[in-house]
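Visitor: File input23.csv follows (CSV, C-alpha atoms):
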```csv
chain,number,residue,atom,x,y,z
W,1,MET,CA,0.0,0.0,0.0
W,2,SER,CA,1.4,3.4,-1.0
W,3,GLY,CA,2.3,6.1,1.5
W,4,ASN,CA,-0.6,8.3,0.3
W,5,ALA,CA,-3.1,5.5,0.7
W,6,LEU,CA,-1.9,4.8,4.2
W,7,ARG,CA,-2.2,8.5,5.1
W,8,ASP,CA,-5.7,8.5,3.7
W,9,LEU,CA,-6.7,5.4,5.7
W,10,ASN,CA,-5.2,6.8,8.9
W,11,THR,CA,-7.8,9.6,8.8
W,12,LEU,CA,-11.2,8.4,9.9
W,13,PRO,CA,-14.2,10.0,8.1
W,14,THR,CA,-16.3,12.3,10.3
W,15,PRO,CA,-19.8,10.8,10.6
W,16,GLU,CA,-22.6,13.0,9.4
W,17,ARG,CA,-24.9,14.3,12.0
W,18,LYS,CA,-28.5,14.1,11.2
W,19,ASN,CA,-30.8,17.1,11.7
W,20,ASP,CA,-32.0,17.1,15.3
W,21,SER,CA,-35.6,17.5,14.2
W,22,SER,CA,-35.4,14.3,12.1
W,23,SER,CA,-37.9,11.6,12.8
W,24,LYS,CA,-35.0,9.1,13.2
W,25,GLY,CA,-32.1,8.9,15.6
W,26,ASN,CA,-28.8,7.7,14.3
W,27,PHE,CA,-26.3,6.4,16.9
W,28,THR,CA,-22.7,6.4,15.8
W,29,LYS,CA,-19.7,5.9,18.2
W,30,PRO,CA,-16.0,5.9,17.5
W,31,CYS,CA,-14.0,2.8,18.4
W,32,ASN,CA,-10.3,2.0,18.9
W,33,GLY,CA,-10.3,-1.8,18.2
W,34,LYS,CA,-7.0,-3.0,17.0
W,35,THR,CA,-7.6,-6.4,15.5
W,36,ILE,CA,-10.3,-8.1,13.4
W,37,ASP,CA,-10.8,-10.4,16.4
W,38,ASN,CA,-12.0,-7.4,18.3
W,39,VAL,CA,-14.8,-6.7,15.9
W,40,GLU,CA,-17.3,-9.1,17.4
W,41,GLU,CA,-17.1,-7.4,20.8
W,42,GLN,CA,-17.3,-4.0,19.2
W,43,LEU,CA,-20.4,-5.0,17.2
W,44,LYS,CA,-22.2,-5.9,20.3
W,45,LYS,CA,-21.9,-2.3,21.4
W,46,SER,CA,-23.6,-1.2,18.1
W,47,LEU,CA,-20.6,0.7,16.8
W,48,SER,CA,-20.5,1.8,13.2
W,49,SER,CA,-16.8,1.8,12.6
W,50,VAL,CA,-13.6,0.5,14.0
W,51,GLN,CA,-9.9,1.0,13.2
W,52,ILE,CA,-7.4,-1.8,13.1
W,53,ASN,CA,-3.6,-2.0,13.1
W,54,GLY,CA,-2.0,0.0,10.3
W,55,GLY,CA,-4.8,2.5,10.3
W,56,GLU,CA,-7.2,0.5,8.1
W,57,THR,CA,-10.9,1.4,8.5
W,58,LEU,CA,-13.6,-1.2,9.0
W,59,ASN,CA,-17.1,-0.1,8.0
W,60,VAL,CA,-19.7,-2.0,10.0
W,61,GLN,CA,-23.1,-2.5,8.3
W,62,HIS,CA,-25.7,-3.1,11.0
W,63,ASN,CA,-28.9,-5.2,10.8
W,64,LYS,CA,-31.0,-7.0,13.3
W,65,SER,CA,-29.8,-10.6,12.8
W,66,SER,CA,-26.3,-10.4,11.4
W,67,ALA,CA,-23.4,-8.0,10.6
W,68,SER,CA,-20.7,-7.8,8.0
W,69,VAL,CA,-17.4,-6.0,8.2
W,70,GLN,CA,-15.9,-4.7,5.0
W,71,ILE,CA,-12.1,-4.0,5.0
W,72,ASN,CA,-11.1,-1.2,2.6
W,73,GLY,CA,-9.9,-3.0,-0.5
W,74,GLY,CA,-12.9,-5.2,-0.9
W,75,GLU,CA,-12.4,-8.1,1.5
W,76,THR,CA,-15.5,-8.8,3.5
W,77,VAL,CA,-15.6,-10.6,6.9
W,78,ASN,CA,-19.0,-11.9,8.0
W,79,VAL,CA,-19.5,-12.0,11.7
W,80,GLY,CA,-22.3,-14.0,13.3
W,81,VAL,CA,-23.4,-11.5,15.9
W,82,GLU,CA,-26.9,-10.2,16.5
W,83,VAL,CA,-26.7,-6.4,16.3
W,84,ALA,CA,-29.6,-4.0,16.9
W,85,ASN,CA,-30.5,-1.6,14.1
W,86,SER,CA,-29.0,1.8,14.9
W,87,GLU,CA,-31.9,3.8,13.5
W,88,VAL,CA,-35.0,4.3,15.6
W,89,GLU,CA,-38.2,5.8,14.2
W,90,TYR,CA,-40.1,8.3,16.3
W,91,ILE,CA,-43.8,7.8,15.7
W,92,GLU,CA,-46.0,10.8,16.1
W,93,SER,CA,-49.2,10.2,18.1
W,94,GLU,CA,-51.5,10.6,15.2
W,95,ASN,CA,-49.6,7.8,13.4
W,96,LEU,CA,-49.8,5.3,16.2
W,97,SER,CA,-51.7,2.1,15.3
W,98,ASP,CA,-53.8,-0.1,17.6
W,99,LEU,CA,-52.4,-3.3,19.1
W,100,GLU,CA,-53.4,-6.7,17.8
W,101,ASP,CA,-53.2,-8.5,21.2
W,102,VAL,CA,-53.8,-6.1,24.1
W,103,ASP,CA,-53.8,-8.8,26.8
W,104,THR,CA,-50.3,-10.1,25.8
W,105,CYS,CA,-49.0,-6.6,25.5
W,106,LEU,CA,-50.2,-5.7,29.0
W,107,LYS,CA,-48.5,-8.8,30.5
W,108,LYS,CA,-45.2,-7.9,28.9
W,109,LEU,CA,-45.4,-4.1,29.6
W,110,LEU,CA,-43.5,-3.9,33.0
W,111,PRO,CA,-40.8,-6.5,32.1
W,112,GLY,CA,-40.3,-4.8,28.8
W,113,LEU,CA,-39.8,-1.3,30.4
W,114,ASP,CA,-37.4,-2.8,32.9
W,115,SER,CA,-35.4,-4.6,30.3
W,116,LYS,CA,-31.6,-4.0,29.7
W,117,ASP,CA,-32.3,-4.3,26.0
W,118,TRP,CA,-32.8,-0.7,24.9
W,119,ILE,CA,-34.5,-1.7,21.6
W,120,LEU,CA,-37.1,-3.7,23.6
W,121,VAL,CA,-37.5,-0.7,26.0
W,122,VAL,CA,-38.3,1.6,23.0
W,123,GLU,CA,-40.8,-0.9,21.6
W,124,THR,CA,-42.5,-1.2,25.0
W,125,LEU,CA,-42.7,2.5,25.4
W,126,ASN,CA,-44.4,2.8,22.1
W,127,ASN,CA,-46.8,0.1,23.3
W,128,VAL,CA,-47.5,2.2,26.4
W,129,ARG,CA,-48.3,5.1,24.0
W,130,ARG,CA,-50.7,2.9,22.0
W,131,LEU,CA,-52.4,1.7,25.1
W,132,SER,CA,-52.8,5.3,26.3
W,133,VAL,CA,-54.5,6.3,23.0
W,134,PHE,CA,-56.6,3.2,22.3
W,135,HIS,CA,-57.0,1.3,25.6
W,136,LYS,CA,-56.4,3.7,28.5
W,137,GLU,CA,-58.9,2.0,30.8
W,138,ARG,CA,-57.1,-1.3,30.5
W,139,MET,CA,-53.8,0.3,31.6
W,140,HIS,CA,-55.1,2.6,34.3
W,141,SER,CA,-54.6,0.1,37.2
W,142,MET,CA,-50.9,-0.2,36.2
W,143,LEU,CA,-50.0,3.5,36.4
W,144,GLY,CA,-48.5,3.2,39.9
W,145,ASP,CA,-45.9,0.6,38.7
W,146,LEU,CA,-45.6,2.0,35.2
W,147,ILE,CA,-44.7,5.7,35.9
W,148,PRO,CA,-41.4,4.9,37.8
W,149,LEU,CA,-40.3,2.8,34.8
W,150,VAL,CA,-41.1,5.6,32.4
W,151,VAL,CA,-39.1,8.0,34.6
W,152,LYS,CA,-36.2,5.5,34.5
W,153,SER,CA,-36.3,5.7,30.7
W,154,LEU,CA,-36.4,9.5,30.9
W,155,LYS,CA,-33.1,9.3,32.7
W,156,ASN,CA,-31.6,6.9,30.1
W,157,PRO,CA,-28.5,8.5,28.5
W,158,ARG,CA,-29.4,6.9,25.1
W,159,SER,CA,-31.3,9.6,23.2
W,160,ALA,CA,-33.6,7.1,21.5
W,161,VAL,CA,-34.9,5.8,24.8
W,162,CYS,CA,-35.1,9.2,26.4
W,163,LYS,CA,-37.0,10.9,23.5
W,164,THR,CA,-39.5,8.0,23.2
W,165,ALA,CA,-40.1,8.2,27.0
W,166,ILE,CA,-40.7,11.9,26.6
W,167,MET,CA,-43.3,11.2,23.9
W,168,THR,CA,-44.8,8.5,26.1
W,169,SER,CA,-45.2,11.1,28.9
W,170,ALA,CA,-47.1,13.4,26.6
W,171,ASN,CA,-49.5,10.6,25.7
W,172,ILE,CA,-50.0,9.6,29.3
W,173,PHE,CA,-50.8,13.2,30.3
W,174,SER,CA,-53.4,13.4,27.5
W,175,ALA,CA,-55.0,10.1,28.5
W,176,TYR,CA,-55.0,10.3,32.3
W,177,ASN,CA,-55.2,14.0,33.3
W,178,ASP,CA,-55.5,14.5,37.0
W,179,ASP,CA,-55.2,10.8,37.7
W,180,LEU,CA,-51.5,11.3,37.4
W,181,ILE,CA,-51.2,14.1,40.0
W,182,ASP,CA,-49.8,11.8,42.8
W,183,SER,CA,-47.1,10.5,40.4
W,184,LEU,CA,-46.4,13.8,38.7
W,185,ASP,CA,-43.4,15.0,40.6
W,186,PRO,CA,-40.7,12.6,39.2
W,187,LEU,CA,-42.1,13.1,35.6
W,188,LEU,CA,-42.2,16.9,36.0
W,189,VAL,CA,-38.6,17.2,37.2
W,190,GLN,CA,-37.2,15.0,34.4
W,191,LEU,CA,-39.2,16.9,31.7
W,192,LEU,CA,-38.0,20.2,33.0
W,193,LEU,CA,-34.4,18.9,32.9
W,194,LYS,CA,-34.8,17.6,29.4
W,195,ALA,CA,-36.4,20.8,28.2
W,196,SER,CA,-33.5,22.7,29.6
W,197,GLN,CA,-30.7,20.8,27.8
W,198,ASP,CA,-28.8,21.6,24.6
W,199,LYS,CA,-29.7,18.6,22.6
W,200,ARG,CA,-32.4,20.2,20.5
W,201,PHE,CA,-34.6,17.3,19.4
W,202,VAL,CA,-34.8,16.1,23.0
W,203,CYS,CA,-35.5,19.6,24.2
W,204,GLU,CA,-38.3,20.2,21.7
W,205,ALA,CA,-39.9,16.9,22.5
W,206,ALA,CA,-39.8,17.7,26.3
W,207,GLU,CA,-41.4,21.2,25.6
W,208,ARG,CA,-44.2,19.5,23.8
W,209,ALA,CA,-44.7,17.1,26.7
W,210,LEU,CA,-44.8,20.0,29.1
W,211,GLU,CA,-47.4,21.7,26.9
W,212,ALA,CA,-49.5,18.5,27.0
W,213,MET,CA,-49.2,18.5,30.8
W,214,THR,CA,-50.4,22.1,31.1
W,215,THR,CA,-53.4,21.5,28.9
W,216,SER,CA,-54.3,18.1,30.5
W,217,VAL,CA,-53.8,18.5,34.2
W,218,SER,CA,-56.1,20.9,36.0
W,219,PRO,CA,-54.3,24.1,36.9
W,220,MET,CA,-55.5,24.0,40.5
W,221,SER,CA,-53.6,20.8,41.0
W,222,LEU,CA,-50.6,21.7,38.7
W,223,LEU,CA,-49.7,25.2,39.9
W,224,PRO,CA,-48.6,24.1,43.4
W,225,LYS,CA,-46.4,21.4,41.7
W,226,LEU,CA,-44.8,24.0,39.5
W,227,GLN,CA,-44.2,26.7,42.0
W,228,PRO,CA,-41.1,25.2,43.7
W,229,TYR,CA,-39.3,25.1,40.4
W,230,LEU,CA,-39.7,28.8,39.9
W,231,LYS,CA,-37.0,29.2,42.5
W,232,ASN,CA,-34.7,26.5,41.2
W,233,ARG,CA,-31.0,27.3,41.0
W,234,ASN,CA,-30.8,26.4,37.4
W,235,PRO,CA,-32.1,29.4,35.3
W,236,ARG,CA,-33.2,27.2,32.4
W,237,ILE,CA,-35.4,25.1,34.7
W,238,ARG,CA,-36.8,28.3,36.2
W,239,ALA,CA,-37.6,29.5,32.7
W,240,LYS,CA,-39.4,26.3,31.6
W,241,ALA,CA,-41.3,26.2,34.9
W,242,SER,CA,-42.3,29.9,34.4
W,243,MET,CA,-43.6,29.2,30.9
W,244,CYS,CA,-45.7,26.3,32.2
W,245,PHE,CA,-47.0,28.4,35.1
W,246,SER,CA,-48.0,31.2,32.8
W,247,ARG,CA,-49.8,28.9,30.5
W,248,SER,CA,-51.7,27.2,33.3
W,249,VAL,CA,-53.1,30.3,35.1
W,250,PRO,CA,-55.5,31.4,32.4
W,251,ARG,CA,-57.1,27.9,32.5
W,252,LEU,CA,-58.3,28.7,36.0
W,253,GLY,CA,-60.7,31.3,34.8
W,254,VAL,CA,-61.8,34.4,36.7
W,255,GLU,CA,-63.3,32.5,39.6
W,256,GLY,CA,-60.5,30.0,39.8
W,257,ILE,CA,-57.9,32.8,39.9
W,258,LYS,CA,-59.8,34.5,42.7
W,259,GLU,CA,-60.0,31.2,44.6
W,260,TYR,CA,-56.3,30.4,44.1
W,261,GLY,CA,-55.4,33.9,45.2
W,262,ILE,CA,-54.6,36.7,42.9
W,263,ASP,CA,-52.3,38.2,45.5
W,264,LYS,CA,-50.2,34.9,45.5
W,265,LEU,CA,-50.1,34.9,41.7
W,266,ILE,CA,-49.0,38.5,41.4
W,267,GLN,CA,-46.2,37.9,43.9
W,268,VAL,CA,-45.0,34.9,41.8
W,269,ALA,CA,-45.1,36.9,38.6
W,270,ALA,CA,-43.3,39.9,40.1
W,271,SER,CA,-40.5,37.7,41.3
W,272,GLN,CA,-39.9,36.4,37.8
W,273,LEU,CA,-39.7,39.9,36.2
W,274,SER,CA,-36.1,40.2,37.3
W,275,ASP,CA,-35.1,36.7,36.4
W,276,GLN,CA,-31.9,36.0,34.4
W,277,LEU,CA,-33.4,34.5,31.3
W,278,PRO,CA,-35.7,36.4,28.9
W,279,GLU,CA,-38.1,33.4,28.7
W,280,SER,CA,-38.9,33.8,32.5
W,281,ARG,CA,-39.4,37.5,32.2
W,282,GLU,CA,-41.7,37.2,29.1
W,283,ALA,CA,-43.7,34.5,30.9
W,284,ALA,CA,-44.0,36.9,33.9
W,285,ARG,CA,-45.2,39.8,31.7
W,286,THR,CA,-47.8,37.5,30.1
W,287,LEU,CA,-49.1,36.4,33.5
W,288,LEU,CA,-49.2,39.9,34.9
W,289,LEU,CA,-51.4,41.1,32.0
W,290,GLU,CA,-53.7,38.2,32.6
W,291,LEU,CA,-53.9,39.0,36.2
W,292,GLN,CA,-54.5,42.7,35.5
W,293,THR,CA,-57.4,41.9,33.2
W,294,VAL,CA,-59.0,39.5,35.7
W,295,TYR,CA,-58.6,42.0,38.5
W,296,GLU,CA,-60.1,44.9,36.6
W,297,LYS,CA,-63.0,42.8,35.3
W,298,SER,CA,-63.8,41.3,38.7
W,299,HIS,CA,-63.6,44.7,40.5
W,300,GLY,CA,-65.3,46.7,37.8
W,301,LEU,CA,-68.7,45.3,39.0
W,302,SER,CA,-68.0,46.1,42.7
W,303,THR,CA,-70.2,48.8,44.3
W,304,VAL,CA,-67.3,49.8,46.6
W,305,VAL,CA,-65.1,50.5,43.6
W,306,SER,CA,-67.7,52.5,41.8
W,307,GLU,CA,-68.2,54.7,44.8
W,308,ASN,CA,-64.4,55.1,45.4
W,309,PRO,CA,-62.5,54.0,42.3
W,310,GLU,CA,-59.0,54.7,43.7
W,311,MET,CA,-59.6,52.2,46.5
W,312,GLY,CA,-59.7,49.2,44.2
W,313,SER,CA,-57.4,50.3,41.4
W,314,TRP,CA,-54.8,48.0,40.0
W,315,GLU,CA,-52.1,50.4,41.0
W,316,ASN,CA,-53.2,50.4,44.7
W,317,PHE,CA,-53.6,46.6,44.6
W,318,CYS,CA,-50.0,46.2,43.4
W,319,LEU,CA,-48.7,48.7,46.0
W,320,SER,CA,-50.6,46.9,48.8
W,321,LYS,CA,-49.3,43.4,47.9
W,322,LEU,CA,-45.8,44.0,46.7
W,323,SER,CA,-42.7,45.8,47.8
W,324,PRO,CA,-42.3,49.4,46.4
W,325,LEU,CA,-39.7,48.3,43.9
W,326,SER,CA,-41.6,45.2,42.8
W,327,ALA,CA,-44.8,47.2,42.5
W,328,GLN,CA,-43.1,49.8,40.3
W,329,ALA,CA,-41.7,47.1,38.0
W,330,VAL,CA,-45.1,45.4,37.7
W,331,LEU,CA,-46.9,48.7,37.0
W,332,ARG,CA,-44.2,49.7,34.4
W,333,VAL,CA,-44.9,46.5,32.5
W,334,THR,CA,-48.7,46.6,32.7
W,335,THR,CA,-49.0,50.3,32.0
W,336,ASN,CA,-46.5,50.4,29.1
W,337,ILE,CA,-48.1,47.4,27.4
W,338,ALA,CA,-51.6,48.9,28.0
W,339,ARG,CA,-50.5,52.1,26.3
W,340,GLU,CA,-49.0,50.2,23.4
W,341,GLY,CA,-52.3,48.4,23.0
W,342,LEU,CA,-54.2,51.8,22.9
W,343,VAL,CA,-51.7,53.1,20.3
W,344,ILE,CA,-52.1,50.1,18.1
W,345,GLY,CA,-55.9,50.2,18.5
W,346,SER,CA,-56.2,53.9,17.6
```
Show the structure stored in the file as structure tokens.
Guide:
Amino acid sequence: MSGNALRDLNTLPTPERKNDSSSKGNFTKPCNGKTIDNVEEQLKKSLSSVQINGGETLNVQHNKSSASVQINGGETVNVGVEVANSEVEYIESENLSDLEDVDTCLKKLLPGLDSKDWILVVETLNNVRRLSVFHKERMHSMLGDLIPLVVKSLKNPRSAVCKTAIMTSANIFSAYNDDLIDSLDPLLVQLLLKASQDKRFVCEAAERALEAMTTSVSPMSLLPKLQPYLKNRNPRIRAKASMCFSRSVPRLGVEGIKEYGIDKLIQVAASQLSDQLPESREAARTLLLELQTVYEKSHGLSTVVSENPEMGSWENFCLSKLSPLSAQAVLRVTTNIAREGLVIGS
């Protein structure tokens, strides 16, 4: 082999990264195997390429029942090792199909989720999704045992397992609503963590799951669960929690907001106005405008206010419930945005 060829073989090709928003996950890892005898062991770890002595590159072609190794130059070595396909398809909820044998699936559900075979775990998670959509009553009694195993998959470092578990969480929220409230905490903390990370396709899936949670779980039950995370030391977690909180409050309605305590809510929103991340601050602004609207509507019908308008004004309410600095910040936001609305509407 010529010197140029050896230099070319010594340089491993950089694997292409798929778009994070793709519907498939591609898992490629580098390997430092040094002999062909090493290939079988490396294949078991689902590696896509290995490098042997002399710098020659082995391209591993994966399939579910067998694998072949092709050495540059044309020689092919067949290895009788069962290797999992490295591509996983993420199925959108609307494309999920019903199960043929529900009883058998239910029996295999918990062992499948607890398996060490990640391919089996992904398949079982998708079956949980199918049961949530088509047979939620049949799976209801298993939720207490099932949720901890879904949380276990959310913690899995393999992206395919993690993302499928996130999608499973969204389907579970949509199916079971407030029946999940006692099991919500471990799901919530993992989804907030995943929504706060840099891996975009996992982050986006987690944000969609959190949206499903805020539209499925009643706000009266959900808001107390979210509130501790508004003070989390991680600014990204605070931001995601603030966005969920802001989305949930309007679902309370006027009477629900009054029952929950508009004074509590305005204090929460005011504390987020000075947060580090713009997402938190924007969520706080949105929440404050909602609270101002509710306050003015509910007090506009009061006879006390009509006789003495200043007593029940939004400004006086803010000054009575917040520190002077916080009240000024809240009034600056609500007054400026109100003025902008008048200018646009004129």
Visitor: Choose the residue, out of W:Leu109, W:Leu187, W:Leu192, W:Ile91, that has the smallest atom-to-atom separation from Met167 in chain W; count all atoms listed in the file.
Guide: W:Ile91
Visitor: Excluding range 244-250 of chain W and any residue of its chain fewer than 4 positions from it, enumerate the residues within 8 Å of it, using all atoms listed in the file, and give them as number ranges by chain.
Guide: W: 210-211, 214-215, 219, 222-223, 226-227, 240, 257, 283-284, 286-287, 290
Visitor: Which residue, W:Arg233, W:Asp263, W:Gln272, W:Glu282, has the smallest gap to Leu319 in chain W when you use all atoms listed in the file?
Guide: W:Asp263
Visitor: Find the spatial neighbours of Glu92 in chain W, counting only C-alpha atoms, within a cut-off of 12 Å - ignore same-chain residues fewer than 4 positions away - and output them as a VMD selection string.
Guide: chain W and resid 22 to 24 96 to 97 126 129 to 130 133 163 to 164 166 to 168 170 to 171 205 208
Visitor: Mind pulling up the distance from CA of Val161 in chain W to CA of Leu110 in chain W?
Guide: 15.3 Å
Visitor: Set the distance at 9 Å and use all atoms listed in the file: which residues neighbour Ala270 in chain W once local chain neighbours fewer than 5 positions away are removed? I'd like the list as a PDB file with C-alpha atoms, in the coordinates of the input.
Guide:
```pdb
ATOM      1  CA  LEU W 265     -50.100  34.900  41.700  1.00  0.00           C
ATOM      2  CA  ALA W 284     -44.000  36.900  33.900  1.00  0.00           C
ATOM      3  CA  ARG W 285     -45.200  39.800  31.700  1.00  0.00           C
ATOM      4  CA  LEU W 288     -49.200  39.900  34.900  1.00  0.00           C
ATOM      5  CA  LEU W 322     -45.800  44.000  46.700  1.00  0.00           C
ATOM      6  CA  SER W 326     -41.600  45.200  42.800  1.00  0.00           C
ATOM      7  CA  ALA W 327     -44.800  47.200  42.500  1.00  0.00           C
ATOM      8  CA  ALA W 329     -41.700  47.100  38.000  1.00  0.00           C
ATOM      9  CA  VAL W 330     -45.100  45.400  37.700  1.00  0.00           C
TER      10      VAL W 330
END
```
Visitor: Work out how far apart CA of Ser132 in chain W and CA of Asp98 in chain W are and give it in Å to one decimal.
Guide: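 Separation of CA of Ser132 in chain W and CA of Asp98 in chain W: 10.3 Å.
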Visitor: For Lys231 in chain W, which residue among W:Ser271, W:Glu89, W:Arg138, W:Leu180 is the nearest when counting all atoms listed in the file?
Guide: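 Among the listed residues, the smallest separation from Lys231 in chain W belongs to W:Ser271.
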Visitor: Taking into account only C-alpha atoms, which residue in the set W:Arg200, W:Asn316, W:Pro235, W:Gly144 is nearest to Leu331 in chain W?
Guide: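 Of the candidates, the smallest distance to Leu331 in chain W is held by W:Asn316.
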